[in-house]
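Written out below as structure tokens is the structure these notes cover.
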Amino acid sequence: MKLLKATLVILSLASASAIHAAEDMTIRLATTTSTYHSGLLDYLLPEFKKDTGYSVEVLAAGTGKSLRMGQNGDVDLVMTHAPKAEANFVEKGYGVLPRKLMHNDFVVVGPESDPAKISGKKDVAKALTDIASYNATFVSRGDDSGTHKKELNLWAQTSIEPNFGGYKAVGQGMGPTLNMASELQAYTMTDRGTWLAYQNKLDLKIMVQGDKRLFNPYQVILVNPSRYPDINYQGAKSFSDWLVNPKAQAMINNYQRHGEQLFVADAITQ
């Protein structure tokens, strides 16, 4: 009986050790829906695992929710695209080692009929003003994501509050928001990566692009281990280091959908 108990204790300890080792080789990443829907992470993560042995558990929740998960210590690092919110996250001691990673841009899309007559405009604030003045339907993510924050920032540059009759805040990710805009023949704002991934399924087209205010930078930030000592800081740092190295940066530059480059790597210029 004593031998049996001893054996069970050894097996239990071995099992606990194996679970702990598996946890050490898993990294929890909170990120935007754009990096998920665009397919970028599906493209990068197998190569990262091959190089390091780490697996990455992806929680695609939008920037606002991703930063809150980091703030609560529920993840090991975040990959987001809202500079002011990210700076606040670091300044308050929730995040460390912020690094530029890449950028893409936003576009305003809408129906072929273009009731607000914004197609081809270069001034995004003027285009939004025309949408509101016409009371055309505009579908907003309304989910505190980086895209939603950017959209609200652009509305703030107009003389119009985004509460006109055609404005619909749906509290959804980018994919569902695009689908809804297509169904309603409405306008919306999307990151280019998700647009390229979804465009063939949508009855919409790009209306406004190229305004420098539509620039969309991404950062990767580690959760502060002094605040949350149980996070997998070493794994998270390995992933951050890998993302900004020349190999991963070249992969980001080379990633395409429908023959178009989705993201431009930024870390190589630092």
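By convention in this document, the chains of the structure tokens carry letters A, B, ... by their order, each chain's residues are numbered from 1, and ligands are numbered from 1 in the order they are shown.
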Which of stretch 13-244 of chain A DSSP labels strand (DSSP E), written as number ranges by chain: A: 26-31, 55-60, 77-80, 95-110, 138-140, 167-169, 188-191, 205-208, 215-223
Test item: residues at most 12 Å from A:Asn200, only C-alpha atoms, excluding those fewer than 4 positions along its chain, as an MDAnalysis selection string: chainID A and resid 178:179 182 194:196 204:205 257:258
Residues near A:Arg192, cut-off 12 Å, only C-alpha atoms, skip fewer than 4 positions along chain, as a VMD selection string: chain A and resid 34 to 35 37 to 38 103 to 109 147 174 to 175 178 196 to 199 205 to 206 208 to 210 214 to 216 256 to 258 260 to 264
Near stretch 92-101 of chain A, 10 Å: stretch 162-233 of chain A residue rows, closest pairs, only C-alpha atoms, as CSV:
residue,atom,partner,partner_atom,distance
A:Pro217,CA,A:Lys100,CA,7.7
A:Tyr218,CA,A:Leu101,CA,5.7
A:Gln219,CA,A:Lys100,CA,4.6
A:Val220,CA,A:Arg99,CA,5.4
A:Ile221,CA,A:Pro98,CA,4.4
A:Leu222,CA,A:Val96,CA,5.2
A:Val223,CA,A:Gly95,CA,4.5
A:Asn224,CA,A:Gly95,CA,4.9
A:Pro225,CA,A:Val96,CA,8.6
A:Ser226,CA,A:Gly93,CA,9.1
A:Arg227,CA,A:Tyr94,CA,7.2
A:Tyr228,CA,A:Tyr94,CA,8.9
Contacts of A:Ala169 at 6 Å (only C-alpha atoms; same-chain gap of 2+ positions) as number ranges by chain: A: 140-142
Nearest candidate to A:Ser145 (options A:Ala85, A:Met25, A:Ala250, A:Ala236; using only C-alpha atoms): A:Ala85
Best match for closeness to A:Lys126 among A:Gln249, A:Pro176, A:Val56, A:Ala156, counting only C-alpha atoms: A:Ala156
Between atom CA of A:Pro83 and atom CA of A:Met189 - distance in Å to one decimal: 18.1 Å
Distance query A:Val75 at most 8 Å, only C-alpha atoms, self and fewer than 3 positions along chain excluded, as a VMD selection string: chain A and resid 27 to 30 69 to 70 78 223 231
Selected residues written out with N, CA and C atoms, as a short mmCIF file (atom, residue, chain, number, x, y, z; two decimals), in the first residue's frame:
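Resulting contents of result.cif:
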data_model
loop_
_atom_site.label_atom_id
_atom_site.label_comp_id
_atom_site.auth_asym_id
_atom_site.auth_seq_id
_atom_site.Cartn_x
_atom_site.Cartn_y
_atom_site.Cartn_z
N ILE A 27 1.89 30.59 -25.18
CA ILE A 27 1.85 32.05 -25.00
C ILE A 27 0.44 32.52 -25.32
N ARG A 28 -0.10 33.37 -24.46
CA ARG A 28 -1.45 33.90 -24.68
C ARG A 28 -1.34 35.31 -25.26
N LEU A 29 -1.83 35.46 -26.47
CA LEU A 29 -1.77 36.73 -27.19
C LEU A 29 -3.17 37.30 -27.37
N ALA A 30 -3.39 38.52 -26.88
CA ALA A 30 -4.63 39.25 -27.17
C ALA A 30 -4.33 40.22 -28.30
N MET A 69 -7.64 42.85 -21.29
CA MET A 69 -7.14 41.52 -20.90
C MET A 69 -5.71 41.62 -20.40
N GLY A 70 -4.90 42.46 -21.05
CA GLY A 70 -3.54 42.69 -20.57
C GLY A 70 -3.53 43.37 -19.22
N VAL A 78 0.13 41.77 -25.90
CA VAL A 78 -0.93 42.28 -26.76
C VAL A 78 -0.31 42.77 -28.07
N VAL A 223 2.94 42.22 -21.30
CA VAL A 223 2.30 42.51 -20.03
C VAL A 223 3.38 42.56 -18.95
N ILE A 231 2.48 35.34 -15.34
CA ILE A 231 2.37 35.28 -16.80
C ILE A 231 3.62 34.65 -17.39
#
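The gap separating atom CA of A:Lys149 from atom CA of A:Thr137 is 19.1 Å, in Å to one decimal.
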For A:Leu202, the nearest of the candidates A:Val139, A:Glu112, A:Lys168, A:Lys50, counting only C-alpha atoms: A:Glu112
Residues flagged alpha helix (DSSP H) by DSSP in stretch 13-118 of chain A, as a ChimeraX atom specification: /A:13-24,33-37,40-52,63-71,83-91
N, CA and C atoms of the current selection, written as a compact mmCIF listing (two decimals), in the first residue's frame:
# COMPACT_ATOMS: atom_id res chain seq x y z
N LEU A 13 3.03 14.19 -9.26
CA LEU A 13 4.03 15.23 -9.42
C LEU A 13 4.51 15.32 -10.86
N ALA A 14 4.67 14.18 -11.49
CA ALA A 14 5.12 14.14 -12.89
C ALA A 14 4.08 14.78 -13.79
N SER A 15 2.79 14.48 -13.49
CA SER A 15 1.71 15.06 -14.28
C SER A 15 1.66 16.57 -14.12
N ALA A 16 1.81 17.03 -12.86
CA ALA A 16 1.81 18.48 -12.60
C ALA A 16 2.97 19.15 -13.30
N SER A 17 4.13 18.48 -13.28
CA SER A 17 5.31 19.04 -13.94
C SER A 17 5.10 19.13 -15.44
N ALA A 18 4.46 18.11 -16.02
CA ALA A 18 4.20 18.10 -17.46
C ALA A 18 3.23 19.21 -17.84
N ILE A 19 2.20 19.41 -17.00
CA ILE A 19 1.23 20.47 -17.27
C ILE A 19 1.91 21.83 -17.21
N HIS A 20 2.76 22.00 -16.17
CA HIS A 20 3.47 23.28 -16.02
C HIS A 20 4.39 23.53 -17.22
N ALA A 21 5.07 22.47 -17.67
CA ALA A 21 5.97 22.60 -18.82
C ALA A 21 5.19 22.98 -20.07
N ALA A 22 4.00 22.37 -20.24
CA ALA A 22 3.16 22.69 -21.40
C ALA A 22 2.70 24.14 -21.34
N GLU A 23 2.34 24.60 -20.13
CA GLU A 23 1.93 26.00 -19.97
C GLU A 23 3.08 26.95 -20.31
N ASP A 24 4.30 26.57 -19.92
CA ASP A 24 5.46 27.40 -20.19
C ASP A 24 5.72 27.53 -21.68
N THR A 33 -8.92 42.03 -34.26
CA THR A 33 -9.56 41.11 -35.20
C THR A 33 -8.91 41.22 -36.58
N SER A 34 -8.27 42.34 -36.87
CA SER A 34 -7.67 42.52 -38.20
C SER A 34 -6.50 41.57 -38.42
N THR A 35 -5.68 41.34 -37.41
CA THR A 35 -4.55 40.42 -37.59
C THR A 35 -5.05 38.98 -37.71
N TYR A 36 -6.23 38.73 -37.16
CA TYR A 36 -6.82 37.38 -37.24
C TYR A 36 -7.54 37.19 -38.57
N HIS A 37 -8.48 38.08 -38.90
CA HIS A 37 -9.28 37.91 -40.11
C HIS A 37 -8.45 38.02 -41.38
N LEU A 40 -2.99 36.87 -41.24
CA LEU A 40 -1.57 37.10 -40.96
C LEU A 40 -1.04 36.17 -39.88
N LEU A 41 -1.79 35.99 -38.80
CA LEU A 41 -1.28 35.15 -37.72
C LEU A 41 -1.23 33.68 -38.12
N ASP A 42 -2.18 33.23 -38.90
CA ASP A 42 -2.13 31.85 -39.39
C ASP A 42 -0.89 31.62 -40.25
N TYR A 43 -0.42 32.66 -40.86
CA TYR A 43 0.77 32.62 -41.71
C TYR A 43 2.05 32.66 -40.87
N LEU A 44 2.07 33.47 -39.80
CA LEU A 44 3.29 33.65 -39.01
C LEU A 44 3.50 32.57 -37.95
N LEU A 45 2.44 32.16 -37.27
CA LEU A 45 2.60 31.35 -36.06
C LEU A 45 3.22 29.97 -36.29
N PRO A 46 2.91 29.26 -37.38
CA PRO A 46 3.59 27.97 -37.58
C PRO A 46 5.10 28.12 -37.70
N GLU A 47 5.55 29.21 -38.32
CA GLU A 47 6.99 29.43 -38.47
C GLU A 47 7.62 29.76 -37.12
N PHE A 48 6.90 30.54 -36.31
CA PHE A 48 7.39 30.86 -34.97
C PHE A 48 7.51 29.59 -34.12
N LYS A 49 6.51 28.72 -34.20
CA LYS A 49 6.58 27.47 -33.44
C LYS A 49 7.73 26.60 -33.92
N LYS A 50 7.95 26.56 -35.21
CA LYS A 50 9.06 25.77 -35.76
C LYS A 50 10.40 26.30 -35.28
N ASP A 51 10.51 27.61 -35.16
CA ASP A 51 11.78 28.24 -34.75
C ASP A 51 12.03 28.14 -33.25
N THR A 52 10.97 28.14 -32.43
CA THR A 52 11.15 28.28 -30.99
C THR A 52 10.52 27.17 -30.15
N THR A 63 -8.85 45.98 -30.04
CA THR A 63 -7.83 46.64 -29.22
C THR A 63 -8.30 46.93 -27.80
N GLY A 64 -9.50 47.49 -27.65
CA GLY A 64 -9.97 47.85 -26.31
C GLY A 64 -10.04 46.65 -25.39
N LYS A 65 -10.65 45.57 -25.86
CA LYS A 65 -10.77 44.36 -25.04
C LYS A 65 -9.41 43.71 -24.84
N SER A 66 -8.55 43.76 -25.86
CA SER A 66 -7.21 43.16 -25.73
C SER A 66 -6.41 43.87 -24.65
N LEU A 67 -6.46 45.19 -24.64
CA LEU A 67 -5.73 45.94 -23.60
C LEU A 67 -6.31 45.68 -22.22
N ARG A 68 -7.62 45.51 -22.13
CA ARG A 68 -8.22 45.18 -20.83
C ARG A 68 -7.78 43.80 -20.36
N MET A 69 -7.64 42.85 -21.29
CA MET A 69 -7.14 41.52 -20.90
C MET A 69 -5.71 41.62 -20.40
N GLY A 70 -4.90 42.46 -21.05
CA GLY A 70 -3.54 42.69 -20.57
C GLY A 70 -3.53 43.37 -19.22
N GLN A 71 -4.42 44.33 -19.05
CA GLN A 71 -4.53 45.06 -17.78
C GLN A 71 -4.92 44.12 -16.64
N PRO A 83 -2.64 53.97 -30.80
CA PRO A 83 -1.46 54.54 -30.13
C PRO A 83 -1.74 55.22 -28.79
N LYS A 84 -2.80 56.01 -28.68
CA LYS A 84 -3.08 56.70 -27.42
C LYS A 84 -3.43 55.72 -26.31
N ALA A 85 -4.27 54.73 -26.63
CA ALA A 85 -4.65 53.73 -25.63
C ALA A 85 -3.44 52.88 -25.23
N GLU A 86 -2.57 52.59 -26.18
CA GLU A 86 -1.37 51.81 -25.89
C GLU A 86 -0.41 52.60 -24.99
N ALA A 87 -0.25 53.89 -25.27
CA ALA A 87 0.62 54.73 -24.43
C ALA A 87 0.09 54.78 -23.00
N ASN A 88 -1.21 54.87 -22.85
CA ASN A 88 -1.84 54.88 -21.53
C ASN A 88 -1.62 53.56 -20.81
N PHE A 89 -1.70 52.47 -21.56
CA PHE A 89 -1.49 51.12 -21.03
C PHE A 89 -0.08 50.97 -20.45
N VAL A 90 0.90 51.51 -21.16
CA VAL A 90 2.29 51.44 -20.71
C VAL A 90 2.54 52.42 -19.55
N GLU A 91 2.02 53.64 -19.68
CA GLU A 91 2.25 54.66 -18.64
C GLU A 91 1.69 54.25 -17.29
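Proximity to A:Leu184 was assessed for A:Pro111, A:Asn253, A:Asp74, A:Thr26 counting only C-alpha atoms; the smallest distance is recorded for A:Pro111.
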Among listed residues A:Gly73, A:Pro229, A:Gly166, A:Gly193, nearest A:Tyr134 (using only C-alpha atoms):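 Going through A:Gly73, A:Pro229, A:Gly166, A:Gly193 one by one, the smallest distance to A:Tyr134 is for A:Gly166.
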